[in-house]
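**Student:** Just dropping this structure here.
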Amino acid sequence: MRAAASFDGSGGFAATELNAALEPARVMFRELLIERIMAFEAYRRLAEQSEHPQVEMVRIADIAHKIAGVGGTLGFAKAGALAGDLDRSITENPAKFAESGYLQRVADPLLEALLVEMEALLDD
Amino acid sequence: MKILAVDDDEVFLGVLLPTLDSLGKHDVTTAHSGPEALIKLGLTGEAFDCILLDIQMPGMSGVELCKRLRSMDVYRRTPIVMITAMTGKRFIDDAFSAGATDYITKPLDVVELKARIGMVERLLNERRVSSALERKFDQRSDVISIEVDFDKSFPIPGFDRGVDYLALENYLLMLGNKRMYSTPALGISVQNAGLFFRKTSAAGFVNMLGDVASAITDAVKSEQLMIAYAGAGNFVCVLPAHPTIDPADLELSICEGIEDFASFYAGDRLPLPHVNVGPLVRTSFFGLFNPTSILDHAVALAQARPVAKARRGWAAA
C-alpha cells in the first residue's frame with residue numbers, strides 16, 4: 001500500500017529518508033479520514049435533498065481535491081486516483097449539475113468508491 | 001533560498017516542506033490562506049526569494065494573491081510558482097496573466113519540484129544582475145558601469161507590462177498541443193539594436209530598450225496579450241486565439257511613440273530605434289513541433305521584414 005515518494009536520488013536526501021520525513025503528513029492524512037468521510041456523507045445527503053446542489057458538490061470537490069493532491073505522494077495511490085476522478089467529474093462539468101440524474105449517474109458512484117477506499121484505509 | 005509556501009491544505013504543506021528539505025537548504029515559511037500570506041509578507045524583514053502559491057484556495061485564490069504580490073514593488077519580479085492539481089489547469093491562464101512565473105502540479109513529484117526550484121535559482125541570479133542595473137538607473141548617474149549580454153533576455157527596468165521570457169515559454173508549454181495550435185504569436189524587433197549595443201554604453205542600450213518598451217506598452221494597453229523581452233533587441237507577444245490586433249497598426253503606434261523620444265536621441269547623436277512588427281504566427285501541424293519554437297519563429301519574421309522607414313515615411317536620425 002505505502003509507496004515511497006518519487007525521488008531522483010541526486011539530492012542529499014535518500015529516498016527512504018524522504019519517505020520517513022513524510023510520515024507526519026501520512027499520519028495527518030489518516031487522522032483526517034473520519035472527518036472527511038463524515039463531511040462527504042453530509043454533503044451528499046444535502047446534495048440529494050437539493051434541487052440545485054452546486055454548493056454541496058463544490059464542497060465535495062474541494063475535499064476530493066485535497067485528497068487527490070497528496071494521496072499518491074503519501075502512498076495512498078488508489079484513494080488519490082479516485083479522489084482525482086471525483087474532483088474532475090464535478091469541476092469539469094459544472095453545467096451538468098442541472099441535468100436530471102447527473103449526480104447519481106456520474107459523481108455518486110465515484111464518491112461511493114472513494115468512501116469505500118477511505119474506510120478500508122481506516123481498517124489498515 | 002527564502003521561500004513562502006501558501007496552501008490551505010495542511011497535509012500538502014506537510015508533504016511540501018520535507019520535499020523541499022530533500023532538495024537543499026531552504027528557509028521555508030508557510031501560510032494557509034491569502035490574507036495570512038499577506039500578513040507574513042508584511043512581517044518579514046528580508047523579502048522572500050520565491051513564492052509557491054496554491055491556486056485553489058477558499059476566499060482569496062492563489063491567482064488573486066499573485067496579482068496582489070505583483071502590485072508590490074518588492075515582489076514585482078520575485079519568481080512565483082503556482083501549485084495546481086491537474087483539474088485546476090483551467091486556472092493557469094489566469095495565473096500567468098496575473099504574473100506567475102511557472103507552475104507545478106499536484107500530486108507533487110520530486111523531480112518536477114527540483115526542476116522548478118532549479119529554474120527559480122537561475123532566475124534569481126539573473127534578477128540580481130537586473131536589480132543592480134535598476135539601482136544604477138535609479139541613481140541617474142551619468143557614468144553607469146553595467147554589463148548586459150546582447151543576446152540574453154533580461155527584465156527591462158520600468159517595463160511593468162512585460163513578463164519574463166521564461167514565463168512566456170512556460171505558458172506555451174502549459175497550453176498543450178490543442179490550444180497551442182490556435183494561439184498566435186507576434187514578434188517586435190528593434191532592427192538597429194546591434195548598432196546601439198556597439199555604439200553606446202550598456203546603459204544606453206538598456207535605455208533604448210526602455211523607450212521601445214514604453215512605446216509598446218502605450219500601443220498595446222487595451223490588448224489582451226502577454227509580452228516579453230526575448231533578447232537581441234526583440235520582443236515577443238502571445239495573443240488570444242482571435243486577436244484584434246493588426247501588426248501594421250501596432251507598428252505605426254510603436255513608431256509614433258518612439259518619435260516622442262526623438263529629441264533625446266538627436267541630442268545624443270543617435271538614430272531612433274527602428275522597430276518592425278512581424279506578422280501573426282501560428283503553430284502548424286507540419287511545421288513547429290516545439291511549443292516554444294513559435295516564439296523564435298515570430299521573432300525571426302519580425303527581424304526579416306524590410307525596415308519600416310520606407311513604407312511609413314518614418315524618419316530615422
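Residues in the C-alpha cells are numbered from 1 in each chain, the chains being A, B, ... in the order shown, and ligands are numbered from 1 in the order shown.
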Which polymer residues have any atom within 10 Å of an atom of Phe29 of chain A, counting only C-alpha atoms, with same-chain residues fewer than 5 positions away left out, as a PyMOL selection string?
**Tutor:** (chain A and resi 23-24+34+36+66-67+70-71+74+76) or (chain B and resi 10-12+14)
**Student:** Would you work out the distance separating atom CA of Lys2 of chain B from atom CA of Ile51 of chain B, expressed in Å to one decimal?
**Tutor:**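 According to the coordinates, atom CA of Lys2 of chain B and atom CA of Ile51 of chain B are separated by 8.7 Å.
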**Student:** Hey, list the chain B side of the contact with chain A: 6 Å cut-off, only C-alpha atoms, answer as a list in words.
**Tutor:**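 Result, ordered by chain then number: Val11, Gly14, Val15, Pro18, Ser22, Leu23, Thr87, Lys106, Pro107, Asp109, Val110 and Val111 of chain B.
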**Student:** Export all heavy atoms of the chosen residues as a PDB file, in the first residue's frame?
**Tutor:**
ATOM      1  N   VAL B  11      -1.999  19.112   5.090  1.00  0.00           N
ATOM      2  CA  VAL B  11      -1.336  17.863   4.711  1.00  0.00           C
ATOM      3  C   VAL B  11      -0.398  18.111   3.525  1.00  0.00           C
ATOM      4  O   VAL B  11       0.730  17.601   3.489  1.00  0.00           O
ATOM      5  CB  VAL B  11      -2.361  16.756   4.359  1.00  0.00           C
ATOM      6  CG1 VAL B  11      -1.652  15.431   4.092  1.00  0.00           C
ATOM      7  CG2 VAL B  11      -3.380  16.585   5.474  1.00  0.00           C
ATOM      8  N   GLY B  14       2.603  19.587   4.668  1.00  0.00           N
ATOM      9  CA  GLY B  14       3.380  18.540   5.330  1.00  0.00           C
ATOM     10  C   GLY B  14       4.158  17.678   4.343  1.00  0.00           C
ATOM     11  O   GLY B  14       5.130  17.023   4.713  1.00  0.00           O
ATOM     12  N   VAL B  15       3.718  17.661   3.101  1.00  0.00           N
ATOM     13  CA  VAL B  15       4.449  16.956   2.037  1.00  0.00           C
ATOM     14  C   VAL B  15       5.496  17.887   1.418  1.00  0.00           C
ATOM     15  O   VAL B  15       6.640  17.494   1.171  1.00  0.00           O
ATOM     16  CB  VAL B  15       3.462  16.464   0.940  1.00  0.00           C
ATOM     17  CG1 VAL B  15       4.212  15.958  -0.285  1.00  0.00           C
ATOM     18  CG2 VAL B  15       2.553  15.382   1.493  1.00  0.00           C
ATOM     19  N   PRO B  18       9.095  18.726   3.734  1.00  0.00           N
ATOM     20  CA  PRO B  18      10.189  17.752   3.694  1.00  0.00           C
ATOM     21  C   PRO B  18      10.742  17.543   2.283  1.00  0.00           C
ATOM     22  O   PRO B  18      11.936  17.279   2.107  1.00  0.00           O
ATOM     23  CB  PRO B  18       9.554  16.455   4.209  1.00  0.00           C
ATOM     24  CG  PRO B  18       8.166  16.738   4.575  1.00  0.00           C
ATOM     25  CD  PRO B  18       7.850  18.154   4.262  1.00  0.00           C
ATOM     26  N   SER B  22      14.564  18.032   1.100  1.00  0.00           N
ATOM     27  CA  SER B  22      15.354  16.997   0.429  1.00  0.00           C
ATOM     28  C   SER B  22      16.138  17.559  -0.752  1.00  0.00           C
ATOM     29  O   SER B  22      17.044  16.922  -1.271  1.00  0.00           O
ATOM     30  CB  SER B  22      14.444  15.859  -0.050  1.00  0.00           C
ATOM     31  OG  SER B  22      13.731  16.259  -1.205  1.00  0.00           O
ATOM     32  N   LEU B  23      15.775  18.772  -1.182  1.00  0.00           N
ATOM     33  CA  LEU B  23      16.414  19.370  -2.365  1.00  0.00           C
ATOM     34  C   LEU B  23      17.488  20.395  -2.005  1.00  0.00           C
ATOM     35  O   LEU B  23      18.127  20.957  -2.870  1.00  0.00           O
ATOM     36  CB  LEU B  23      15.353  20.045  -3.242  1.00  0.00           C
ATOM     37  CG  LEU B  23      14.261  19.130  -3.795  1.00  0.00           C
ATOM     38  CD1 LEU B  23      13.233  19.937  -4.568  1.00  0.00           C
ATOM     39  CD2 LEU B  23      14.868  18.064  -4.702  1.00  0.00           C
ATOM     40  N   THR B  87      -6.724  19.061 -12.382  1.00  0.00           N
ATOM     41  CA  THR B  87      -8.060  19.598 -12.646  1.00  0.00           C
ATOM     42  C   THR B  87      -8.076  21.126 -12.623  1.00  0.00           C
ATOM     43  O   THR B  87      -9.028  21.732 -13.076  1.00  0.00           O
ATOM     44  CB  THR B  87      -9.052  19.108 -11.570  1.00  0.00           C
ATOM     45  OG1 THR B  87      -8.479  19.374 -10.300  1.00  0.00           O
ATOM     46  CG2 THR B  87      -9.354  17.640 -11.715  1.00  0.00           C
ATOM     47  N   LYS B 106       0.005  19.019  -8.595  1.00  0.00           N
ATOM     48  CA  LYS B 106      -0.182  18.044  -7.531  1.00  0.00           C
ATOM     49  C   LYS B 106      -0.689  16.758  -8.189  1.00  0.00           C
ATOM     50  O   LYS B 106      -1.450  16.852  -9.147  1.00  0.00           O
ATOM     51  CB  LYS B 106      -1.249  18.515  -6.536  1.00  0.00           C
ATOM     52  CG  LYS B 106      -0.887  19.727  -5.714  1.00  0.00           C
ATOM     53  CD  LYS B 106      -2.089  20.066  -4.825  1.00  0.00           C
ATOM     54  CE  LYS B 106      -1.850  21.308  -4.006  1.00  0.00           C
ATOM     55  NZ  LYS B 106      -3.034  21.669  -3.198  1.00  0.00           N
ATOM     56  N   PRO B 107      -0.417  15.566  -7.694  1.00  0.00           N
ATOM     57  CA  PRO B 107       0.487  15.285  -6.591  1.00  0.00           C
ATOM     58  C   PRO B 107       1.925  15.712  -6.923  1.00  0.00           C
ATOM     59  O   PRO B 107       2.344  15.677  -8.091  1.00  0.00           O
ATOM     60  CB  PRO B 107       0.412  13.773  -6.426  1.00  0.00           C
ATOM     61  CG  PRO B 107      -0.775  13.331  -7.214  1.00  0.00           C
ATOM     62  CD  PRO B 107      -1.015  14.350  -8.256  1.00  0.00           C
ATOM     63  N   ASP B 109       5.725  15.897  -7.486  1.00  0.00           N
ATOM     64  CA  ASP B 109       6.757  14.978  -7.960  1.00  0.00           C
ATOM     65  C   ASP B 109       8.110  15.626  -7.654  1.00  0.00           C
ATOM     66  O   ASP B 109       8.338  16.784  -8.015  1.00  0.00           O
ATOM     67  CB  ASP B 109       6.591  14.763  -9.471  1.00  0.00           C
ATOM     68  CG  ASP B 109       7.652  13.847 -10.017  1.00  0.00           C
ATOM     69  OD1 ASP B 109       7.465  12.623  -9.915  1.00  0.00           O
ATOM     70  OD2 ASP B 109       8.685  14.352 -10.522  1.00  0.00           O
ATOM     71  N   VAL B 110       8.980  14.874  -6.996  1.00  0.00           N
ATOM     72  CA  VAL B 110      10.247  15.461  -6.543  1.00  0.00           C
ATOM     73  C   VAL B 110      11.079  15.960  -7.725  1.00  0.00           C
ATOM     74  O   VAL B 110      11.699  17.021  -7.653  1.00  0.00           O
ATOM     75  CB  VAL B 110      11.055  14.445  -5.707  1.00  0.00           C
ATOM     76  CG1 VAL B 110      12.352  15.070  -5.224  1.00  0.00           C
ATOM     77  CG2 VAL B 110      10.249  13.984  -4.526  1.00  0.00           C
ATOM     78  N   VAL B 111      11.079  15.174  -8.805  1.00  0.00           N
ATOM     79  CA  VAL B 111      11.890  15.564  -9.969  1.00  0.00           C
ATOM     80  C   VAL B 111      11.366  16.885 -10.546  1.00  0.00           C
ATOM     81  O   VAL B 111      12.138  17.788 -10.873  1.00  0.00           O
ATOM     82  CB  VAL B 111      11.868  14.445 -11.040  1.00  0.00           C
ATOM     83  CG1 VAL B 111      12.631  14.878 -12.276  1.00  0.00           C
ATOM     84  CG2 VAL B 111      12.442  13.162 -10.464  1.00  0.00           C
TER      85      VAL B 111
END
**Student:** Residues within 8 Å of segment 216-229 of chain B, please, as a list in words. Count only C-alpha atoms; anything in the same chain fewer than 3 positions from it doesn't count.
**Tutor:** Ser97, Ser153, Phe154, Pro155, Ile156, Phe159, Arg161, Gly162, Val163, Asp164, Tyr165, Leu168, Val212, Ala213, Gly233, Asn234, Phe235, Val236, Cys237, Val238, Leu239, Pro240, Thr244, Ile245, Leu250, Ser253, Ile254 and Gly257 of chain B
**Student:** The selected residues should be written to file as a PDB file, in the first residue's frame (atoms: C-alpha atoms).
**Tutor:**
ATOM      1  CA  SER B  97      -1.793  36.721 -16.788  1.00  0.00           C
ATOM      2  CA  SER B 153      16.629  38.181 -22.190  1.00  0.00           C
ATOM      3  CA  PHE B 154      16.551  40.325 -19.055  1.00  0.00           C
ATOM      4  CA  PRO B 155      13.860  42.338 -17.306  1.00  0.00           C
ATOM      5  CA  ILE B 156      13.855  45.882 -18.659  1.00  0.00           C
ATOM      6  CA  PHE B 159       8.658  47.612 -18.293  1.00  0.00           C
ATOM      7  CA  ARG B 161       3.682  45.196 -18.738  1.00  0.00           C
ATOM      8  CA  GLY B 162       6.372  42.693 -19.674  1.00  0.00           C
ATOM      9  CA  VAL B 163       6.628  39.196 -18.234  1.00  0.00           C
ATOM     10  CA  ASP B 164       9.695  37.004 -18.041  1.00  0.00           C
ATOM     11  CA  TYR B 165      10.578  35.318 -21.303  1.00  0.00           C
ATOM     12  CA  LEU B 168       6.059  33.051 -21.628  1.00  0.00           C
ATOM     13  CA  VAL B 212      10.824  50.948 -27.051  1.00  0.00           C
ATOM     14  CA  ALA B 213       9.141  49.051 -24.192  1.00  0.00           C
ATOM     15  CA  GLY B 233      16.516  43.771 -29.286  1.00  0.00           C
ATOM     16  CA  ASN B 234      13.498  41.558 -29.844  1.00  0.00           C
ATOM     17  CA  PHE B 235      10.174  41.450 -28.041  1.00  0.00           C
ATOM     18  CA  VAL B 236       7.617  38.720 -28.482  1.00  0.00           C
ATOM     19  CA  CYS B 237       3.887  38.605 -27.702  1.00  0.00           C
ATOM     20  CA  VAL B 238       1.483  35.729 -27.241  1.00  0.00           C
ATOM     21  CA  LEU B 239      -2.081  36.689 -28.123  1.00  0.00           C
ATOM     22  CA  PRO B 240      -5.558  35.251 -27.579  1.00  0.00           C
ATOM     23  CA  THR B 244      -7.986  42.036 -32.592  1.00  0.00           C
ATOM     24  CA  ILE B 245      -4.501  43.397 -33.101  1.00  0.00           C
ATOM     25  CA  LEU B 250       0.726  48.237 -33.972  1.00  0.00           C
ATOM     26  CA  SER B 253       1.672  53.171 -32.999  1.00  0.00           C
ATOM     27  CA  ILE B 254       5.015  51.992 -31.630  1.00  0.00           C
ATOM     28  CA  GLY B 257       5.548  56.506 -29.572  1.00  0.00           C
TER      29      GLY B 257
END
**Student:** Just want the 10 Å neighbourhood of Pro79 of chain B, counted on only C-alpha atoms, with same-chain residues fewer than 3 positions away dropped. Output as a PDB file with N, CA, C and O atoms, in the first residue's frame.
**Tutor:**
ATOM      1  N   PHE B  48      11.076  37.549   0.598  1.00  0.00           N
ATOM      2  CA  PHE B  48      11.190  36.155   0.154  1.00  0.00           C
ATOM      3  C   PHE B  48      11.804  36.111  -1.252  1.00  0.00           C
ATOM      4  O   PHE B  48      11.560  36.986  -2.073  1.00  0.00           O
ATOM      5  N   ASP B  49      12.588  35.050  -1.500  1.00  0.00           N
ATOM      6  CA  ASP B  49      13.200  34.887  -2.828  1.00  0.00           C
ATOM      7  C   ASP B  49      12.248  34.223  -3.808  1.00  0.00           C
ATOM      8  O   ASP B  49      12.395  34.365  -5.023  1.00  0.00           O
ATOM      9  N   CYS B  50      11.329  33.439  -3.265  1.00  0.00           N
ATOM     10  CA  CYS B  50      10.451  32.653  -4.135  1.00  0.00           C
ATOM     11  C   CYS B  50       9.137  32.417  -3.405  1.00  0.00           C
ATOM     12  O   CYS B  50       9.117  32.268  -2.179  1.00  0.00           O
ATOM     13  N   ILE B  51       8.039  32.401  -4.165  1.00  0.00           N
ATOM     14  CA  ILE B  51       6.733  32.174  -3.545  1.00  0.00           C
ATOM     15  C   ILE B  51       6.028  31.033  -4.258  1.00  0.00           C
ATOM     16  O   ILE B  51       5.944  31.012  -5.492  1.00  0.00           O
ATOM     17  N   LEU B  52       5.577  30.066  -3.486  1.00  0.00           N
ATOM     18  CA  LEU B  52       4.827  28.936  -4.014  1.00  0.00           C
ATOM     19  C   LEU B  52       3.373  29.127  -3.605  1.00  0.00           C
ATOM     20  O   LEU B  52       3.074  29.242  -2.422  1.00  0.00           O
ATOM     21  N   TYR B  75       7.897  42.606  -4.637  1.00  0.00           N
ATOM     22  CA  TYR B  75       7.610  41.286  -5.225  1.00  0.00           C
ATOM     23  C   TYR B  75       7.235  41.364  -6.713  1.00  0.00           C
ATOM     24  O   TYR B  75       6.671  40.437  -7.265  1.00  0.00           O
ATOM     25  N   ARG B  76       7.560  42.483  -7.323  1.00  0.00           N
ATOM     26  CA  ARG B  76       7.214  42.689  -8.733  1.00  0.00           C
ATOM     27  C   ARG B  76       7.875  41.628  -9.620  1.00  0.00           C
ATOM     28  O   ARG B  76       7.314  41.183 -10.611  1.00  0.00           O
ATOM     29  N   MET B  82       3.034  28.636  -9.234  1.00  0.00           N
ATOM     30  CA  MET B  82       1.692  28.247  -8.821  1.00  0.00           C
ATOM     31  C   MET B  82       1.644  26.730  -8.646  1.00  0.00           C
ATOM     32  O   MET B  82       2.303  25.985  -9.377  1.00  0.00           O
ATOM     33  N   GLY B  99       0.781  37.201 -13.543  1.00  0.00           N
ATOM     34  CA  GLY B  99       2.209  37.408 -13.316  1.00  0.00           C
ATOM     35  C   GLY B  99       2.967  36.199 -12.791  1.00  0.00           C
ATOM     36  O   GLY B  99       4.122  36.327 -12.383  1.00  0.00           O
ATOM     37  N   ALA B 100       2.321  35.017 -12.809  1.00  0.00           N
ATOM     38  CA  ALA B 100       3.031  33.816 -12.334  1.00  0.00           C
ATOM     39  C   ALA B 100       4.215  33.513 -13.250  1.00  0.00           C
ATOM     40  O   ALA B 100       4.181  33.804 -14.451  1.00  0.00           O
ATOM     41  N   THR B 101       5.249  32.934 -12.670  1.00  0.00           N
ATOM     42  CA  THR B 101       6.445  32.605 -13.438  1.00  0.00           C
ATOM     43  C   THR B 101       6.341  31.189 -13.993  1.00  0.00           C
ATOM     44  O   THR B 101       6.833  30.903 -15.085  1.00  0.00           O
ATOM     45  N   ASP B 102       5.737  30.310 -13.229  1.00  0.00           N
ATOM     46  CA  ASP B 102       5.679  28.901 -13.631  1.00  0.00           C
ATOM     47  C   ASP B 102       4.631  28.194 -12.778  1.00  0.00           C
ATOM     48  O   ASP B 102       4.011  28.823 -11.910  1.00  0.00           O
ATOM     49  N   ILE B 117      12.592  24.446  -8.827  1.00  0.00           N
ATOM     50  CA  ILE B 117      13.426  25.176  -7.871  1.00  0.00           C
ATOM     51  C   ILE B 117      14.752  25.575  -8.545  1.00  0.00           C
ATOM     52  O   ILE B 117      15.263  26.675  -8.339  1.00  0.00           O
ATOM     53  N   MET B 119      15.095  26.208 -11.711  1.00  0.00           N
ATOM     54  CA  MET B 119      14.743  27.325 -12.596  1.00  0.00           C
ATOM     55  C   MET B 119      14.668  28.623 -11.787  1.00  0.00           C
ATOM     56  O   MET B 119      15.161  29.666 -12.209  1.00  0.00           O
ATOM     57  N   VAL B 120      14.064  28.538 -10.610  1.00  0.00           N
ATOM     58  CA  VAL B 120      13.925  29.727  -9.756  1.00  0.00           C
ATOM     59  C   VAL B 120      15.312  30.241  -9.358  1.00  0.00           C
ATOM     60  O   VAL B 120      15.565  31.453  -9.382  1.00  0.00           O
ATOM     61  N   GLU B 121      16.217  29.330  -9.023  1.00  0.00           N
ATOM     62  CA  GLU B 121      17.562  29.760  -8.625  1.00  0.00           C
ATOM     63  C   GLU B 121      18.285  30.453  -9.781  1.00  0.00           C
ATOM     64  O   GLU B 121      18.952  31.468  -9.583  1.00  0.00           O
ATOM     65  N   LEU B 123      16.822  32.030 -12.218  1.00  0.00           N
ATOM     66  CA  LEU B 123      16.124  33.297 -12.395  1.00  0.00           C
ATOM     67  C   LEU B 123      16.577  34.323 -11.358  1.00  0.00           C
ATOM     68  O   LEU B 123      16.750  35.506 -11.660  1.00  0.00           O
ATOM     69  N   LEU B 124      16.788  33.856 -10.144  1.00  0.00           N
ATOM     70  CA  LEU B 124      17.228  34.765  -9.074  1.00  0.00           C
ATOM     71  C   LEU B 124      18.595  35.347  -9.394  1.00  0.00           C
ATOM     72  O   LEU B 124      18.856  36.523  -9.130  1.00  0.00           O
ATOM     73  N   ARG B 127      18.038  37.964 -11.784  1.00  0.00           N
ATOM     74  CA  ARG B 127      17.408  39.088 -11.103  1.00  0.00           C
ATOM     75  C   ARG B 127      18.449  39.972 -10.396  1.00  0.00           C
ATOM     76  O   ARG B 127      18.309  41.179 -10.352  1.00  0.00           O
ATOM     77  N   ASP B 164       8.449  37.697 -17.741  1.00  0.00           N
ATOM     78  CA  ASP B 164       9.695  37.004 -18.041  1.00  0.00           C
ATOM     79  C   ASP B 164       9.553  36.192 -19.319  1.00  0.00           C
ATOM     80  O   ASP B 164       8.507  35.572 -19.553  1.00  0.00           O
ATOM     81  N   ALA B 167       8.632  32.828 -18.369  1.00  0.00           N
ATOM     82  CA  ALA B 167       7.216  32.649 -18.031  1.00  0.00           C
ATOM     83  C   ALA B 167       6.389  32.464 -19.301  1.00  0.00           C
ATOM     84  O   ALA B 167       5.451  31.661 -19.333  1.00  0.00           O
TER      85      ALA B 167
END
**Student:** Considering only alpha helix (DSSP H) as DSSP defines it on the backbone, what residues of chain A qualify? List them as a ChimeraX atom specification.
**Tutor:** /A:15-21,23-49,54-74,77-91,102,108-123
**Student:** Write the residues of the selection above to a file with C-alpha atoms, as a tab-separated table (two decimals), in the first residue's frame.
**Tutor:**
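Once written, result.tsv looks like this:
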chain	number	residue	atom	x	y	z
A	15	ALA	CA	14.53	8.30	-0.92
A	16	THR	CA	13.96	6.33	2.26
A	17	GLU	CA	14.87	9.38	4.31
A	18	LEU	CA	12.34	11.48	2.44
A	19	ASN	CA	9.78	8.76	2.86
A	20	ALA	CA	10.40	8.83	6.61
A	21	ALA	CA	10.17	12.63	6.62
A	23	GLU	CA	5.43	10.21	7.94
A	24	PRO	CA	3.89	13.13	9.90
A	25	ALA	CA	1.92	14.12	6.78
A	26	ARG	CA	0.86	10.49	6.35
A	27	VAL	CA	-0.37	10.41	9.95
A	28	MET	CA	-2.24	13.69	9.40
A	29	PHE	CA	-3.86	12.25	6.27
A	30	ARG	CA	-5.05	9.21	8.23
A	31	GLU	CA	-6.31	11.36	11.11
A	32	LEU	CA	-8.42	13.37	8.69
A	33	LEU	CA	-10.05	10.29	7.16
A	34	ILE	CA	-13.02	10.09	9.56
A	35	GLU	CA	-13.66	13.83	9.40
A	36	ARG	CA	-13.57	13.76	5.62
A	37	ILE	CA	-15.78	10.67	5.33
A	38	MET	CA	-18.37	12.36	7.53
A	39	ALA	CA	-18.14	15.59	5.54
A	40	PHE	CA	-18.56	13.69	2.24
A	41	GLU	CA	-21.64	11.91	3.58
A	42	ALA	CA	-23.16	15.09	4.97
A	43	TYR	CA	-22.71	16.98	1.71
A	44	ARG	CA	-24.00	14.01	-0.27
A	45	ARG	CA	-27.19	13.99	1.81
A	46	LEU	CA	-27.63	17.72	1.34
A	47	ALA	CA	-26.99	17.42	-2.39
A	48	GLU	CA	-29.60	14.67	-2.72
A	49	GLN	CA	-32.16	16.87	-0.97
A	54	GLN	CA	-23.96	23.19	-6.86
A	55	VAL	CA	-22.73	24.41	-3.49
A	56	GLU	CA	-22.68	20.93	-1.95
A	57	MET	CA	-20.95	19.46	-4.99
A	58	VAL	CA	-18.27	22.14	-4.90
A	59	ARG	CA	-17.67	21.28	-1.23
A	60	ILE	CA	-17.33	17.61	-2.15
A	61	ALA	CA	-14.93	18.54	-4.96
A	62	ASP	CA	-12.86	20.67	-2.54
A	63	ILE	CA	-12.33	17.73	-0.18
A	64	ALA	CA	-11.64	15.35	-3.07
A	65	HIS	CA	-9.17	17.90	-4.46
A	66	LYS	CA	-7.17	17.81	-1.23
A	67	ILE	CA	-7.08	14.02	-1.12
A	68	ALA	CA	-6.05	13.90	-4.79
A	69	GLY	CA	-3.27	16.41	-4.15
A	70	VAL	CA	-1.38	14.23	-1.68
A	71	GLY	CA	-2.77	10.69	-1.87
A	72	GLY	CA	-0.28	9.39	-4.42
A	73	THR	CA	2.72	11.01	-2.77
A	74	LEU	CA	1.85	9.60	0.65
A	77	ALA	CA	-2.48	5.91	-4.60
A	78	LYS	CA	-5.93	4.37	-5.04
A	79	ALA	CA	-7.63	6.95	-2.80
A	80	GLY	CA	-5.71	9.72	-4.59
A	81	ALA	CA	-6.75	8.50	-8.04
A	82	LEU	CA	-10.41	8.02	-7.07
A	83	ALA	CA	-10.46	11.47	-5.46
A	84	GLY	CA	-8.94	12.96	-8.63
A	85	ASP	CA	-11.65	11.30	-10.76
A	86	LEU	CA	-14.35	12.62	-8.44
A	87	ASP	CA	-12.88	16.13	-8.43
A	88	ARG	CA	-12.72	16.12	-12.23
A	89	SER	CA	-16.24	14.74	-12.62
A	90	ILE	CA	-17.55	17.72	-10.66
A	91	THR	CA	-15.28	20.61	-11.56
A	102	TYR	CA	-26.19	13.58	-13.40
A	108	ASP	CA	-22.13	9.47	-6.82
A	109	PRO	CA	-20.58	6.14	-7.92
A	110	LEU	CA	-17.14	7.79	-7.79
A	111	LEU	CA	-17.86	9.19	-4.34
A	112	GLU	CA	-19.08	5.80	-3.18
A	113	ALA	CA	-15.91	4.09	-4.45
A	114	LEU	CA	-13.77	6.71	-2.71
A	115	LEU	CA	-15.67	6.28	0.56
A	116	VAL	CA	-15.14	2.50	0.40
A	117	GLU	CA	-11.41	3.03	-0.15
A	118	MET	CA	-11.17	5.57	2.68
A	119	GLU	CA	-12.98	3.19	5.04
A	120	ALA	CA	-10.58	0.44	4.03
A	121	LEU	CA	-7.67	2.72	4.96
A	122	LEU	CA	-9.24	3.24	8.37
A	123	ASP	CA	-9.06	-0.51	8.90
**Student:** Calculate how many Å separate atom CA of Gln303 of chain B from atom CA of Leu173 of chain B, rounding to one decimal.
**Tutor:**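 Taking atom CA of Gln303 of chain B and atom CA of Leu173 of chain B, their separation equals 24.0 Å.
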**Student:** To test your reading of the structure, identify every residue in segment 126-257 of chain B that backbone DSSP assigns to strand (DSSP E), and report it as a PyMOL selection string.
**Tutor:** chain B and resi 162-163+185-190+226-231+234-238
**Student:** Quick one: pull the distance between atom CA of Thr292 of chain B and atom CA of Leu172 of chain B, Å, one decimal.
**Tutor:**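 For atom CA of Thr292 of chain B relative to atom CA of Leu172 of chain B, the distance reads 6.4 Å.
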**Student:** Excluding Pro184 of chain B and residues on its chain fewer than 5 positions from it, collect all residues at most 10 Å away from it, counting only C-alpha atoms, and give them as a list in words.
**Tutor:**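 So, after excluding close chain neighbours, the residues are Cys237, Val238, Leu239, Pro240, Ala241, His242, Pro243, Pro279, Leu280, Val281, Arg282, Thr283, Ile294, Leu295 and Ala298 of chain B.
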**Student:** Would you output that residue set with N, CA and C atoms, as a short mmCIF file (atom, residue, chain, number, x, y, z; two decimals), in the first residue's frame?
**Tutor:**
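As written to disk, out.cif reads:
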data_model
loop_
_atom_site.label_atom_id
_atom_site.label_comp_id
_atom_site.auth_asym_id
_atom_site.auth_seq_id
_atom_site.Cartn_x
_atom_site.Cartn_y
_atom_site.Cartn_z
N CYS B 237 5.20 38.61 -28.37
CA CYS B 237 3.89 38.60 -27.70
C CYS B 237 3.16 37.30 -27.99
N VAL B 238 2.41 36.84 -27.03
CA VAL B 238 1.48 35.73 -27.24
C VAL B 238 0.08 36.31 -27.08
N LEU B 239 -0.77 36.04 -28.08
CA LEU B 239 -2.08 36.69 -28.12
C LEU B 239 -3.21 35.68 -27.93
N PRO B 240 -4.43 36.18 -27.68
CA PRO B 240 -5.56 35.25 -27.58
C PRO B 240 -5.87 34.62 -28.93
N ALA B 241 -6.69 33.58 -28.93
CA ALA B 241 -6.94 32.80 -30.16
C ALA B 241 -7.47 33.67 -31.30
N HIS B 242 -8.29 34.65 -30.98
CA HIS B 242 -8.84 35.51 -32.04
C HIS B 242 -8.41 36.95 -31.76
N PRO B 243 -7.19 37.27 -32.14
CA PRO B 243 -6.66 38.58 -31.77
C PRO B 243 -7.31 39.71 -32.56
N PRO B 279 4.48 39.51 -38.75
CA PRO B 279 3.10 39.05 -38.91
C PRO B 279 2.70 38.10 -37.77
N LEU B 280 1.41 37.87 -37.66
CA LEU B 280 0.94 36.90 -36.67
C LEU B 280 1.39 35.51 -37.09
N VAL B 281 1.87 34.76 -36.15
CA VAL B 281 2.40 33.42 -36.43
C VAL B 281 1.60 32.41 -35.64
N ARG B 282 1.24 31.33 -36.30
CA ARG B 282 0.60 30.23 -35.57
C ARG B 282 1.39 28.96 -35.79
N THR B 283 1.27 28.07 -34.86
CA THR B 283 1.95 26.78 -35.00
C THR B 283 1.18 25.95 -36.01
N ILE B 294 7.50 28.62 -31.65
CA ILE B 294 6.64 29.66 -32.23
C ILE B 294 7.20 31.05 -31.86
N LEU B 295 7.81 31.14 -30.68
CA LEU B 295 8.39 32.43 -30.25
C LEU B 295 9.58 32.78 -31.13
N ALA B 298 8.31 33.79 -34.56
CA ALA B 298 7.72 35.14 -34.57
C ALA B 298 8.82 36.20 -34.59
#
